[in-house]
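Peer 1: As input, take coords-v2.csv (CSV, C-alpha atoms):
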```
chain,number,residue,atom,x,y,z
A,22,MET,CA,247.6,51.4,247.1
A,23,ALA,CA,245.3,49.0,248.8
A,24,SER,CA,243.7,50.4,251.9
A,25,HIS,CA,243.3,47.0,253.7
A,26,LYS,CA,245.4,44.0,254.4
A,27,LEU,CA,244.3,40.8,252.6
A,28,LEU,CA,242.4,38.4,254.9
A,29,VAL,CA,242.8,35.4,252.5
A,30,THR,CA,246.2,34.2,251.3
A,31,PRO,CA,246.9,32.6,247.9
A,32,PRO,CA,245.7,29.0,248.1
A,33,LYS,CA,248.7,26.6,248.2
A,34,ALA,CA,246.9,24.2,245.9
A,35,LEU,CA,246.7,26.8,243.2
A,36,LEU,CA,250.4,27.5,243.4
A,37,LYS,CA,251.1,23.9,242.1
A,38,PRO,CA,250.8,22.8,238.4
A,39,LEU,CA,247.4,21.4,237.4
A,40,SER,CA,247.6,17.6,237.4
A,41,ILE,CA,245.0,15.6,235.5
A,42,PRO,CA,244.9,11.7,235.7
A,43,ASN,CA,244.8,9.8,232.4
A,44,GLN,CA,241.5,8.0,232.6
A,45,LEU,CA,239.4,6.1,230.1
A,46,LEU,CA,235.9,7.4,230.6
A,47,LEU,CA,233.4,4.6,230.0
A,48,GLY,CA,230.6,5.9,232.1
A,49,PRO,CA,227.5,7.5,230.6
A,50,GLY,CA,229.3,10.8,229.9
A,51,PRO,CA,231.3,12.9,229.6
A,52,SER,CA,233.5,11.0,227.2
A,53,ASN,CA,237.1,11.3,226.3
A,54,LEU,CA,238.1,14.0,223.8
A,55,PRO,CA,239.8,13.1,220.4
A,56,PRO,CA,243.0,15.0,219.7
A,57,ARG,CA,241.4,17.3,217.1
A,58,ILE,CA,238.8,18.5,219.6
A,59,MET,CA,241.4,19.0,222.3
A,60,ALA,CA,243.4,21.0,219.8
A,61,ALA,CA,240.4,23.2,219.1
A,62,GLY,CA,240.2,24.0,222.8
A,63,GLY,CA,243.7,25.5,222.7
A,64,LEU,CA,243.0,27.9,219.9
A,65,GLN,CA,243.1,31.7,220.4
A,66,MET,CA,240.0,33.6,221.5
A,67,ILE,CA,238.1,35.8,219.0
A,68,GLY,CA,235.4,38.3,219.6
A,69,SER,CA,232.0,36.7,220.4
A,70,MET,CA,230.2,39.0,218.0
A,71,SER,CA,232.8,39.1,215.3
A,72,LYS,CA,232.0,38.1,211.7
A,73,ASP,CA,234.4,35.2,212.1
A,74,MET,CA,232.5,33.9,215.2
A,75,TYR,CA,229.2,34.3,213.4
A,76,GLN,CA,230.6,32.1,210.6
A,77,ILE,CA,231.5,29.4,213.1
A,78,MET,CA,228.1,29.7,214.7
A,79,ASP,CA,226.5,29.3,211.2
A,80,GLU,CA,228.6,26.2,210.6
A,81,ILE,CA,227.5,24.8,213.9
A,82,LYS,CA,223.9,25.3,213.0
A,83,GLU,CA,224.3,23.4,209.8
A,84,GLY,CA,226.1,20.6,211.7
A,85,ILE,CA,223.1,20.4,214.2
A,86,GLN,CA,220.7,20.2,211.3
A,87,TYR,CA,222.7,17.3,209.9
A,88,VAL,CA,222.9,15.3,213.1
A,89,PHE,CA,219.3,16.0,214.0
A,90,GLN,CA,218.2,15.4,210.4
A,91,THR,CA,216.1,18.5,210.3
A,92,ARG,CA,215.6,21.6,208.1
A,93,ASN,CA,214.3,23.7,210.9
A,94,PRO,CA,215.6,27.3,210.6
A,95,LEU,CA,215.2,27.7,214.4
A,96,THR,CA,218.2,25.6,215.3
A,97,LEU,CA,220.9,26.8,217.7
A,98,VAL,CA,223.1,26.2,220.7
A,99,ILE,CA,222.3,26.8,224.4
A,100,SER,CA,225.2,28.0,226.6
A,101,GLY,CA,224.7,25.2,229.1
A,102,SER,CA,224.5,21.5,229.4
A,103,GLY,CA,221.6,19.3,228.4
A,104,HIS,CA,219.7,20.2,231.5
A,105,CYS,CA,219.8,23.8,230.3
A,106,ALA,CA,218.4,22.8,226.9
A,107,LEU,CA,215.5,21.0,228.6
A,108,GLU,CA,214.8,24.0,230.7
A,109,ALA,CA,215.0,26.3,227.7
A,110,ALA,CA,212.4,24.1,225.9
A,111,LEU,CA,210.0,24.1,228.8
A,112,VAL,CA,210.2,27.7,229.9
A,113,ASN,CA,209.6,28.9,226.3
A,114,VAL,CA,206.8,26.4,225.4
A,115,LEU,CA,204.9,26.1,228.6
A,116,GLU,CA,202.8,28.8,230.3
A,117,PRO,CA,201.1,28.5,233.7
A,118,GLY,CA,198.1,26.2,233.5
A,119,ASP,CA,199.3,24.4,230.4
A,120,SER,CA,198.8,20.6,230.4
A,121,PHE,CA,202.1,18.8,230.2
A,122,LEU,CA,202.4,15.0,229.8
A,123,VAL,CA,205.8,13.5,230.9
A,124,GLY,CA,207.2,10.1,230.3
A,125,ALA,CA,209.0,9.6,233.6
A,126,ASN,CA,210.8,6.2,233.2
A,127,GLY,CA,214.1,7.5,234.6
A,128,ILE,CA,215.8,10.5,236.1
A,129,TRP,CA,215.4,12.8,233.0
A,130,GLY,CA,211.6,12.5,233.0
A,131,GLN,CA,211.7,13.2,236.7
A,132,ARG,CA,213.6,16.4,236.0
A,133,ALA,CA,211.1,17.4,233.4
A,134,VAL,CA,208.3,17.0,235.9
A,135,ASP,CA,210.2,19.2,238.4
A,136,ILE,CA,210.8,22.0,235.9
A,137,GLY,CA,207.2,21.8,234.6
A,138,GLU,CA,205.9,22.2,238.2
A,139,ARG,CA,208.1,25.2,238.8
A,140,ILE,CA,206.7,26.9,235.7
A,141,GLY,CA,203.1,26.3,237.0
A,142,ALA,CA,202.1,23.9,234.3
A,143,ARG,CA,199.5,21.1,235.1
A,144,VAL,CA,202.0,18.2,235.0
A,145,HIS,CA,200.9,14.7,234.4
A,146,PRO,CA,203.7,12.2,235.0
A,147,MET,CA,203.5,8.7,233.3
A,148,THR,CA,205.7,7.0,235.8
A,149,LYS,CA,207.2,3.6,235.0
A,150,ASP,CA,209.7,1.5,236.9
A,151,PRO,CA,213.4,1.6,235.7
A,152,GLY,CA,213.6,-0.4,232.4
A,153,GLY,CA,210.1,0.6,231.2
A,154,HIS,CA,209.2,2.3,228.0
A,155,TYR,CA,206.1,3.9,226.4
A,156,THR,CA,203.7,2.8,223.7
A,157,LEU,CA,201.4,4.9,221.5
A,158,GLN,CA,198.1,6.3,223.0
A,159,GLU,CA,199.3,6.6,226.6
A,160,GLY,CA,197.8,9.7,228.3
A,161,LEU,CA,197.1,11.9,225.3
A,162,ALA,CA,193.4,11.5,225.1
A,163,GLN,CA,192.9,11.7,228.8
A,164,HIS,CA,195.1,14.8,229.6
A,165,LYS,CA,195.0,16.7,226.3
A,166,PRO,CA,198.5,18.1,226.8
A,167,VAL,CA,200.0,20.9,224.8
A,168,LEU,CA,203.4,19.1,225.2
A,169,LEU,CA,204.6,15.5,225.6
A,170,PHE,CA,208.1,14.8,226.8
A,171,LEU,CA,210.0,11.6,226.0
A,172,THR,CA,213.6,10.6,226.6
A,173,HIS,CA,215.0,8.8,223.6
A,174,GLY,CA,218.0,7.5,225.4
A,175,GLU,CA,217.4,7.1,229.1
A,176,SER,CA,221.0,7.0,230.3
A,177,SER,CA,220.0,6.2,233.9
A,178,THR,CA,218.3,2.9,232.9
A,179,GLY,CA,219.8,2.1,229.5
A,180,VAL,CA,216.4,2.2,227.7
A,181,LEU,CA,216.1,3.2,224.1
A,182,GLN,CA,212.6,4.7,223.6
A,183,PRO,CA,211.0,3.9,220.2
A,184,LEU,CA,209.8,7.2,218.6
A,185,ASP,CA,208.1,6.2,215.4
A,186,GLY,CA,204.4,7.2,215.4
A,187,PHE,CA,204.6,9.5,218.4
A,188,GLY,CA,204.9,12.7,216.3
A,189,GLU,CA,202.0,11.9,214.1
A,190,LEU,CA,199.9,10.9,217.2
A,191,CYS,CA,200.8,14.1,219.1
A,192,HIS,CA,199.8,16.3,216.1
A,193,ARG,CA,196.5,14.5,215.8
A,194,TYR,CA,195.8,15.6,219.4
A,195,LYS,CA,197.2,19.1,218.8
A,196,CYS,CA,200.2,18.4,221.1
A,197,LEU,CA,203.9,19.1,220.6
A,198,LEU,CA,206.5,16.4,221.0
A,199,LEU,CA,209.6,17.2,223.0
A,200,VAL,CA,212.5,14.6,222.9
A,201,ASP,CA,215.7,14.4,225.0
A,202,SER,CA,218.4,12.8,222.8
A,203,VAL,CA,221.4,13.7,225.1
A,204,ALA,CA,222.5,10.1,225.4
A,205,SER,CA,221.4,8.8,222.0
A,206,LEU,CA,222.4,11.4,219.5
A,207,GLY,CA,225.1,10.0,217.1
A,208,GLY,CA,224.7,6.5,218.5
A,209,THR,CA,221.4,5.4,217.1
A,210,PRO,CA,219.1,6.4,214.3
A,211,LEU,CA,217.1,9.6,214.9
A,212,TYR,CA,215.2,11.6,212.3
A,213,MET,CA,213.7,14.8,213.7
A,214,ASP,CA,211.6,15.9,210.7
A,215,ARG,CA,210.5,12.5,209.5
A,216,GLN,CA,209.5,11.4,213.0
A,217,GLY,CA,207.5,14.5,213.6
A,218,ILE,CA,209.6,15.7,216.6
A,219,ASP,CA,208.8,19.4,217.4
A,220,ILE,CA,211.6,20.1,219.9
A,221,LEU,CA,214.8,18.0,220.0
A,222,TYR,CA,217.8,18.7,222.2
A,223,SER,CA,221.1,17.0,223.0
A,224,GLY,CA,224.4,17.7,224.7
A,225,SER,CA,227.9,18.1,223.6
A,226,GLN,CA,229.7,15.7,225.9
A,227,LYS,CA,228.3,12.3,225.0
A,228,ALA,CA,228.8,10.6,221.5
A,229,LEU,CA,229.9,14.0,220.1
A,230,ASN,CA,233.0,13.8,222.3
A,231,ALA,CA,233.1,17.6,222.9
A,232,PRO,CA,233.5,19.2,226.4
A,233,PRO,CA,230.5,19.5,228.6
A,234,GLY,CA,228.7,22.9,228.8
A,235,THR,CA,227.0,23.4,225.4
A,236,SER,CA,223.8,21.8,224.2
A,237,LEU,CA,222.0,21.6,220.8
A,238,ILE,CA,218.3,22.4,220.3
A,239,SER,CA,215.9,22.7,217.4
A,240,PHE,CA,212.3,23.8,217.1
A,241,SER,CA,209.7,23.0,214.4
A,242,ASP,CA,207.4,25.7,213.0
A,243,LYS,CA,204.6,24.4,215.2
A,244,ALA,CA,206.8,24.8,218.3
A,245,LYS,CA,207.9,28.3,217.1
A,246,LYS,CA,204.2,29.3,216.7
A,247,LYS,CA,203.4,28.2,220.2
A,248,MET,CA,206.4,30.1,221.7
A,249,TYR,CA,205.9,33.3,219.6
A,250,SER,CA,202.2,33.5,220.4
A,251,ARG,CA,202.4,33.0,224.2
A,252,LYS,CA,200.5,35.5,226.4
A,253,THR,CA,203.3,35.8,229.0
A,254,LYS,CA,207.0,36.3,228.8
A,255,PRO,CA,209.2,33.2,229.6
A,256,PHE,CA,210.4,33.2,233.2
A,257,SER,CA,214.0,33.2,232.1
A,258,PHE,CA,215.6,36.0,230.1
A,259,TYR,CA,218.8,34.0,229.7
A,260,LEU,CA,216.9,31.2,227.9
A,261,ASP,CA,214.4,33.3,226.0
A,262,ILE,CA,214.3,31.7,222.6
A,263,LYS,CA,213.3,34.9,220.8
A,264,TRP,CA,216.6,36.6,222.0
A,265,LEU,CA,218.6,33.5,221.3
A,266,ALA,CA,217.1,32.9,217.9
A,267,ASN,CA,218.2,36.4,216.9
A,268,PHE,CA,221.7,36.1,218.3
A,269,TRP,CA,222.2,32.8,216.4
A,270,GLY,CA,220.9,34.3,213.2
A,271,CYS,CA,217.7,32.3,213.0
A,272,ASP,CA,215.3,35.2,212.3
A,273,ASP,CA,216.9,37.1,209.4
A,274,GLN,CA,217.3,40.2,211.5
A,275,PRO,CA,220.5,42.0,212.5
A,276,ARG,CA,222.1,40.1,215.4
A,277,MET,CA,221.9,41.8,218.8
A,278,TYR,CA,224.0,41.0,221.9
A,279,HIS,CA,222.3,38.7,224.3
A,280,HIS,CA,225.0,37.0,226.4
A,281,THR,CA,228.7,36.2,226.1
A,282,ILE,CA,228.8,32.8,224.4
A,283,PRO,CA,231.5,30.2,225.4
A,284,VAL,CA,233.7,30.8,222.4
A,285,ILE,CA,236.3,28.1,223.1
A,286,SER,CA,233.7,25.5,223.8
A,287,LEU,CA,232.0,26.4,220.5
A,288,TYR,CA,235.3,25.8,218.6
A,289,SER,CA,235.3,22.3,220.1
A,290,LEU,CA,231.6,21.7,219.3
A,291,ARG,CA,232.2,22.8,215.7
A,292,GLU,CA,235.0,20.3,215.4
A,293,SER,CA,233.0,17.5,217.0
A,294,LEU,CA,230.2,18.1,214.4
A,295,ALA,CA,232.8,18.2,211.7
A,296,LEU,CA,234.2,14.8,212.8
A,297,ILE,CA,230.7,13.1,212.7
A,298,ALA,CA,230.0,14.7,209.3
A,299,GLU,CA,233.2,13.3,208.0
A,300,GLN,CA,232.5,9.9,209.4
A,301,GLY,CA,228.8,9.9,208.3
A,302,LEU,CA,225.8,9.5,210.6
A,303,GLU,CA,225.0,6.0,209.4
A,304,ASN,CA,228.6,4.9,210.0
A,305,SER,CA,228.5,6.3,213.5
A,306,TRP,CA,225.2,4.5,214.2
A,307,ARG,CA,226.8,1.3,212.9
A,308,GLN,CA,229.9,1.8,215.0
A,309,HIS,CA,227.9,2.1,218.2
A,310,ARG,CA,225.5,-0.8,217.4
A,311,GLU,CA,228.4,-3.2,216.7
A,312,ALA,CA,230.4,-2.1,219.8
A,313,ALA,CA,227.4,-2.4,222.0
A,314,ALA,CA,226.6,-5.9,220.7
A,315,TYR,CA,230.2,-7.0,221.4
A,316,LEU,CA,230.0,-5.5,224.9
A,317,HIS,CA,226.8,-7.4,225.6
A,318,GLY,CA,228.3,-10.7,224.6
A,319,ARG,CA,231.4,-10.1,226.7
A,320,LEU,CA,229.3,-9.1,229.8
A,321,GLN,CA,227.1,-12.1,229.5
A,322,ALA,CA,230.2,-14.3,229.2
A,323,LEU,CA,231.2,-13.0,232.6
A,324,GLY,CA,227.9,-14.2,234.0
A,325,LEU,CA,226.5,-10.6,234.3
A,326,GLN,CA,222.8,-9.9,233.5
A,327,LEU,CA,221.8,-7.1,231.1
A,328,PHE,CA,219.3,-4.9,232.9
A,329,VAL,CA,217.2,-4.2,229.7
A,330,LYS,CA,215.9,-7.6,228.6
A,331,ASP,CA,214.6,-6.7,225.2
A,332,PRO,CA,217.6,-6.2,222.8
A,333,ALA,CA,215.5,-3.8,220.7
A,334,LEU,CA,215.1,-1.5,223.7
A,335,ARG,CA,218.8,-1.4,224.7
A,336,LEU,CA,220.4,2.0,224.3
A,337,PRO,CA,223.6,1.4,222.2
A,338,THR,CA,225.6,4.2,223.9
A,339,VAL,CA,224.9,3.3,227.5
A,340,THR,CA,224.6,-0.3,228.7
A,341,THR,CA,223.1,-1.1,232.1
A,342,VAL,CA,224.1,-4.3,234.0
A,343,ALA,CA,222.2,-5.6,237.0
A,344,VAL,CA,224.4,-5.3,240.0
A,345,PRO,CA,225.5,-8.9,240.7
A,346,ALA,CA,224.1,-10.5,243.8
A,347,GLY,CA,226.1,-10.1,246.9
A,348,TYR,CA,228.2,-7.2,245.6
A,349,ASP,CA,228.1,-3.5,246.5
A,350,TRP,CA,228.1,-1.6,243.3
A,351,ARG,CA,230.4,1.1,244.9
A,352,ASP,CA,233.1,-1.5,245.4
A,353,ILE,CA,233.1,-2.5,241.8
A,354,VAL,CA,233.1,1.0,240.5
A,355,SER,CA,236.0,2.0,242.9
A,356,TYR,CA,238.0,-1.1,242.0
A,357,VAL,CA,237.8,-0.5,238.3
A,358,ILE,CA,238.9,3.2,238.6
A,359,ASP,CA,241.6,2.5,241.2
A,360,HIS,CA,243.2,-0.5,239.5
A,361,PHE,CA,242.6,0.2,235.8
A,362,ASP,CA,242.0,3.9,235.5
A,363,ILE,CA,238.6,3.2,233.8
A,364,GLU,CA,235.5,5.1,234.9
A,365,ILE,CA,232.2,3.3,234.9
A,366,MET,CA,229.2,4.4,237.0
A,367,GLY,CA,226.4,3.1,239.2
A,368,GLY,CA,222.7,3.9,238.7
A,369,LEU,CA,221.2,7.4,238.9
A,370,GLY,CA,217.8,8.4,240.3
A,371,PRO,CA,215.4,5.5,240.3
A,372,SER,CA,218.1,3.1,239.1
A,373,THR,CA,220.5,3.8,242.0
A,374,GLY,CA,221.8,0.6,243.6
A,375,LYS,CA,220.3,-1.5,240.8
A,376,VAL,CA,222.7,-1.2,237.9
A,377,LEU,CA,226.2,-0.5,236.7
A,378,ARG,CA,226.4,1.8,233.7
A,379,ILE,CA,229.0,1.4,230.9
A,380,GLY,CA,229.1,4.0,228.2
A,381,LEU,CA,230.5,3.5,224.7
A,382,LEU,CA,230.4,7.1,223.3
A,383,GLY,CA,231.8,8.3,220.0
A,384,CYS,CA,235.5,7.6,219.7
A,385,ASN,CA,235.3,5.4,222.8
A,386,ALA,CA,233.0,2.9,221.1
A,387,THR,CA,235.6,0.4,220.1
A,388,ARG,CA,236.2,-3.4,220.6
A,389,GLU,CA,239.5,-2.5,222.3
A,390,ASN,CA,237.7,-0.5,225.0
A,391,VAL,CA,235.2,-3.3,225.4
A,392,ASP,CA,238.0,-5.7,226.1
A,393,ARG,CA,239.6,-3.4,228.6
A,394,VAL,CA,236.5,-2.7,230.6
A,395,THR,CA,235.3,-6.3,230.7
A,396,GLU,CA,238.7,-7.5,231.9
A,397,ALA,CA,238.6,-4.8,234.6
A,398,LEU,CA,235.1,-6.1,235.6
A,399,ARG,CA,236.4,-9.7,235.7
A,400,ALA,CA,239.1,-8.6,238.1
A,401,ALA,CA,236.7,-6.6,240.2
A,402,LEU,CA,234.4,-9.6,240.6
A,403,GLN,CA,237.3,-11.7,241.7
A,404,HIS,CA,238.7,-9.3,244.2
A,405,CYS,CA,235.8,-7.2,245.6
A,406,PRO,CA,234.3,-8.6,248.8
A,407,LYS,CA,230.9,-10.2,248.7
A,408,LYS,CA,228.3,-9.8,251.4
A,409,LYS,CA,227.2,-12.7,253.4
A,410,LEU,CA,223.6,-13.6,252.3
```
Do you think you could lay out the structure here as structure tokens?
Peer 2:
Amino acid sequence: MASHKLLVTPPKALLKPLSIPNQLLLGPGPSNLPPRIMAAGGLQMIGSMSKDMYQIMDEIKEGIQYVFQTRNPLTLVISGSGHCALEAALVNVLEPGDSFLVGANGIWGQRAVDIGERIGARVHPMTKDPGGHYTLQEGLAQHKPVLLFLTHGESSTGVLQPLDGFGELCHRYKCLLLVDSVASLGGTPLYMDRQGIDILYSGSQKALNAPPGTSLISFSDKAKKKMYSRKTKPFSFYLDIKWLANFWGCDDQPRMYHHTIPVISLYSLRESLALIAEQGLENSWRQHREAAAYLHGRLQALGLQLFVKDPALRLPTVTTVAVPAGYDWRDIVSYVIDHFDIEIMGGLGPSTGKVLRIGLLGCNATRENVDRVTEALRAALQHCPKKKL
């Protein structure tokens, strides 16, 4: 028998059935889940260290190698969102005092700077205004970094960063190349091995249409050598790649327990990778390119201005629109969700107040959804109050 009376009663809200609104998620992520991935989330739990789970993990690794276009053996899943994968890369590669060069043209570069400073690296931000991108030669000769960070798809600004040539240039300066592809994977061409990317990571919840909470990461042999020859232990045990590599079967040694993996989420991730393998990467890239081009035309027909001026630098998965003069972006976002059950979002970090963000991710990248969101925007522009200028 309990020796004390309960001080907290059962919450009334939890005694009611869970109610989830039916929304079309056309923000920068997460995205809606296809039926097959929702069904995977309802499957029965199995042991996280069973041979059946190891088989699923191995299939996931092969799927990551396909979508990353890499043959790296050190390819695995991090039990956490894309932020967690970024932190895993940095805490394993960087040691205190290492020179770290960061392309900070949006919020994700800013986060990389923050993490690098916490590790004690000598961080050199290359800060650009929202909408900016990077060209070859910037900063490498001056700072001689051990690691360069670039965001392939900067979802806070809608910029697609060109990557060709950066890997070769980094290796000439004995520097590793780390790339964030959370918002770009599956939506635009990306070739890890051919582009000389040493560390590539992405998330489950964008164009892969899986639930948030797992992230994909892969390391080249050069990156592995840097991590495995470090003089100090990584600050994080949970994100220690040596442990994770073993648990994910990347080191040809008997697998040892490290942490309890999110089994159900991995079912969903496995199915999301299966869907993109069945569709084919090139078909997925084409789908996003065509849907984005259609969206751009519809937005411009409404009189809206695309934030990224150069079409070659526009991220196909997340389109940014300059907030129209006289409007409060919050009014537009609220009107679209309240009257049409469609989620779009405003800016993030340095783009806050400057843009609206519309995502076409995976199964959501369709002409039908473009028509729905642009009609919702048309209504918002007609009914939202304008400020007196």
Peer 1: Rank nothing, just name the residue among A:Arg139, A:Arg57, A:Arg276, A:Lys245 nearest to Glu108 (chain A), using only C-alpha atoms.
Peer 2: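 The closest residue to Glu108 (chain A) is A:Arg139.
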Peer 1: Taking only C-alpha atoms into account, which of A:Leu197, A:Ala142, A:Leu122, A:Leu181 comes nearest His164 (chain A)?
Peer 2: A:Leu122
Peer 1: Which residues, written as a list in words, have at least one atom at most 9 Å from Lys375 (chain A), with only C-alpha atoms counted and residues fewer than 5 positions away on the same chain left out?
Peer 2: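 Once the adjacent positions are removed, what remains is Phe328, Val342, Ala343, Val344, Trp350, Gly367 and Gly368 of chain A.
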Peer 1: Taking all atoms listed in the file into account, name the residue in A:Thr96, A:Thr178, A:Asn126, A:Ser372 that is nearest to Tyr155 (chain A).
Peer 2: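 For Tyr155 (chain A), the nearest of the candidates is A:Asn126.
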Peer 1: Calculate how many Å separate CA of Lys82 (chain A) from CA of Gly270 (chain A), rounding to one decimal.
Peer 2: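 Distance reported for this atom pair: 9.5 Å.
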Peer 1: So which residues touch Ala125 (chain A) within 6 Å, counting all atoms listed in the file, skipping near sequence neighbours fewer than 4 positions away, as a list in words?
Peer 2: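 Within the cut-off, the hits are Gly130, Gln131, Met147 and Thr148 of chain A.
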Peer 1: Those same residues - C-alpha atoms - I'd like them written as an mmCIF file, in the coordinates of the input.
Peer 2:
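Saved the output as out-v9.cif:
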```cif
data_model
loop_
_atom_site.group_PDB
_atom_site.id
_atom_site.type_symbol
_atom_site.label_atom_id
_atom_site.label_comp_id
_atom_site.auth_asym_id
_atom_site.auth_seq_id
_atom_site.Cartn_x
_atom_site.Cartn_y
_atom_site.Cartn_z
ATOM 1 C CA GLY A 130 211.600 12.500 233.000
ATOM 2 C CA GLN A 131 211.700 13.200 236.700
ATOM 3 C CA MET A 147 203.500 8.700 233.300
ATOM 4 C CA THR A 148 205.700 7.000 235.800
#
```
Peer 1: Would you list the residues near (231.2, 15.4, 226.5), meaning any protein, DNA or RNA residue with an atom at most 12 Å from that point in file coordinates, counting all atoms listed in the file, as JSON, numbers by chain?
Peer 2: {"A": [46, 47, 48, 49, 50, 51, 52, 53, 54, 55, 58, 59, 102, 103, 203, 204, 206, 223, 224, 225, 226, 227, 228, 229, 230, 231, 232, 233, 234, 235, 236, 286, 289, 290, 293, 380, 382, 383, 384, 385]}
Peer 1: Between A:Val376, A:Cys105, A:Leu369, A:Leu320, which residue has the minimum interatomic distance to Arg393 (chain A), considering all atoms listed in the file?
Peer 2: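 Selected residue with least distance to Arg393 (chain A): A:Leu320.
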Peer 1: For Glu364 (chain A), list every protein, DNA or RNA residue within 8 Å, evaluated using all atoms listed in the file, and leave out those in the same chain fewer than 2 positions away; present the list as a PyMOL selection string.
Peer 2: chain A and resi 44-48+354+357-358+362+366
Peer 1: Next, the residues of the selection above should be written as a short mmCIF file (atom, residue, chain, number, x, y, z; two decimals), in the frame of the given file with C-alpha atoms.
Peer 2:
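See out.cif below for the written result:
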```cif
data_model
loop_
_atom_site.label_atom_id
_atom_site.label_comp_id
_atom_site.auth_asym_id
_atom_site.auth_seq_id
_atom_site.Cartn_x
_atom_site.Cartn_y
_atom_site.Cartn_z
CA GLN A 44 241.50 8.00 232.60
CA LEU A 45 239.40 6.10 230.10
CA LEU A 46 235.90 7.40 230.60
CA LEU A 47 233.40 4.60 230.00
CA GLY A 48 230.60 5.90 232.10
CA VAL A 354 233.10 1.00 240.50
CA VAL A 357 237.80 -0.50 238.30
CA ILE A 358 238.90 3.20 238.60
CA ASP A 362 242.00 3.90 235.50
CA MET A 366 229.20 4.40 237.00
#
```
Peer 1: Tell me, as a tab-separated table (two decimals) with C-alpha atoms, keeping the file's coordinate frame, which residues lie within 10 Å of Glu83 (chain A), counting only C-alpha atoms; anything in the same chain fewer than 2 positions away does not count.
Peer 2:
```tsv
chain	number	residue	atom	x	y	z
A	77	ILE	CA	231.50	29.40	213.10
A	78	MET	CA	228.10	29.70	214.70
A	79	ASP	CA	226.50	29.30	211.20
A	80	GLU	CA	228.60	26.20	210.60
A	81	ILE	CA	227.50	24.80	213.90
A	85	ILE	CA	223.10	20.40	214.20
A	86	GLN	CA	220.70	20.20	211.30
A	87	TYR	CA	222.70	17.30	209.90
A	88	VAL	CA	222.90	15.30	213.10
A	89	PHE	CA	219.30	16.00	214.00
A	91	THR	CA	216.10	18.50	210.30
A	92	ARG	CA	215.60	21.60	208.10
A	94	PRO	CA	215.60	27.30	210.60
A	96	THR	CA	218.20	25.60	215.30
A	97	LEU	CA	220.90	26.80	217.70
A	291	ARG	CA	232.20	22.80	215.70
A	294	LEU	CA	230.20	18.10	214.40
```
Peer 1: Point out the residue among A:Leu381, A:Met70, A:Ala386, A:Cys191 with the least atom-to-atom distance to Met277 (chain A), counting all atoms listed in the file.
Peer 2: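 Result for the nearest residue to Met277 (chain A): A:Met70.
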Peer 1: For a quick check of your reading of the model, name the residues lying within 9 Å of the coordinate (205.8, 7.1, 218.6), counting all atoms listed in the file, and write them as a PyMOL selection string.
Peer 2: chain A and resi 155-158+182-191+216
Peer 1: Just to confirm, what's the straight-line distance from CA of Ile297 (chain A) to CA of Met74 (chain A) in Å (one decimal)?
Peer 2: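 Pair CA of Ile297 (chain A) / CA of Met74 (chain A) returns 21.0 Å.
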Peer 1: With distances taken over all atoms listed in the file, which of A:Ser202, A:Gln326, A:Thr281, A:Ser69 is nearest to Pro345 (chain A)?
Peer 2: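 Selected residue with least distance to Pro345 (chain A): A:Gln326.
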Peer 1: Using all atoms listed in the file, which protein or nucleic acid residues come within 8 Å of Gly179 (chain A)? Drop anything in the same chain fewer than 4 positions from it, and give the result as a compact mmCIF listing (two decimals) with C-alpha atoms, keeping the file's coordinate frame.
Peer 2:
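To be explicit, this is the file written out as part.txt:
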```txt
# COMPACT_ATOMS: atom_id res chain seq x y z
CA GLY A 152 213.60 -0.40 232.40
CA GLY A 174 218.00 7.50 225.40
CA GLU A 175 217.40 7.10 229.10
CA PHE A 328 219.30 -4.90 232.90
CA VAL A 329 217.20 -4.20 229.70
CA ARG A 335 218.80 -1.40 224.70
CA LEU A 336 220.40 2.00 224.30
CA VAL A 339 224.90 3.30 227.50
CA THR A 340 224.60 -0.30 228.70
CA THR A 341 223.10 -1.10 232.10
CA ARG A 378 226.40 1.80 233.70
```
Peer 1: Take the structure in the block and write a file for region 374-381 of chain A, N, CA and C atoms, as an mmCIF file, in the first residue's frame.
Peer 2:
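Listing of decode-v1.cif after writing:
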```cif
data_model
loop_
_atom_site.group_PDB
_atom_site.id
_atom_site.type_symbol
_atom_site.label_atom_id
_atom_site.label_comp_id
_atom_site.auth_asym_id
_atom_site.auth_seq_id
_atom_site.Cartn_x
_atom_site.Cartn_y
_atom_site.Cartn_z
ATOM 1 N N GLY A 374 10.731 37.805 -39.961
ATOM 2 C CA GLY A 374 10.090 39.044 -40.354
ATOM 3 C C GLY A 374 10.309 39.436 -41.799
ATOM 4 N N LYS A 375 11.190 38.706 -42.498
ATOM 5 C CA LYS A 375 11.526 39.067 -43.870
ATOM 6 C C LYS A 375 10.832 38.185 -44.907
ATOM 7 N N VAL A 376 10.531 36.924 -44.529
ATOM 8 C CA VAL A 376 10.029 35.982 -45.531
ATOM 9 C C VAL A 376 8.863 35.162 -45.000
ATOM 10 N N LEU A 377 8.119 34.614 -45.944
ATOM 11 C CA LEU A 377 7.222 33.488 -45.703
ATOM 12 C C LEU A 377 7.886 32.260 -46.304
ATOM 13 N N ARG A 378 7.732 31.109 -45.640
ATOM 14 C CA ARG A 378 8.382 29.890 -46.117
ATOM 15 C C ARG A 378 7.326 28.844 -46.456
ATOM 16 N N ILE A 379 7.410 28.336 -47.688
ATOM 17 C CA ILE A 379 6.470 27.333 -48.183
ATOM 18 C C ILE A 379 7.262 26.102 -48.574
ATOM 19 N N GLY A 380 6.931 24.976 -47.962
ATOM 20 C CA GLY A 380 7.664 23.742 -48.221
ATOM 21 C C GLY A 380 6.884 22.784 -49.100
ATOM 22 N N LEU A 381 7.577 22.207 -50.069
ATOM 23 C CA LEU A 381 7.041 21.115 -50.890
ATOM 24 C C LEU A 381 7.975 19.939 -50.677
#
```
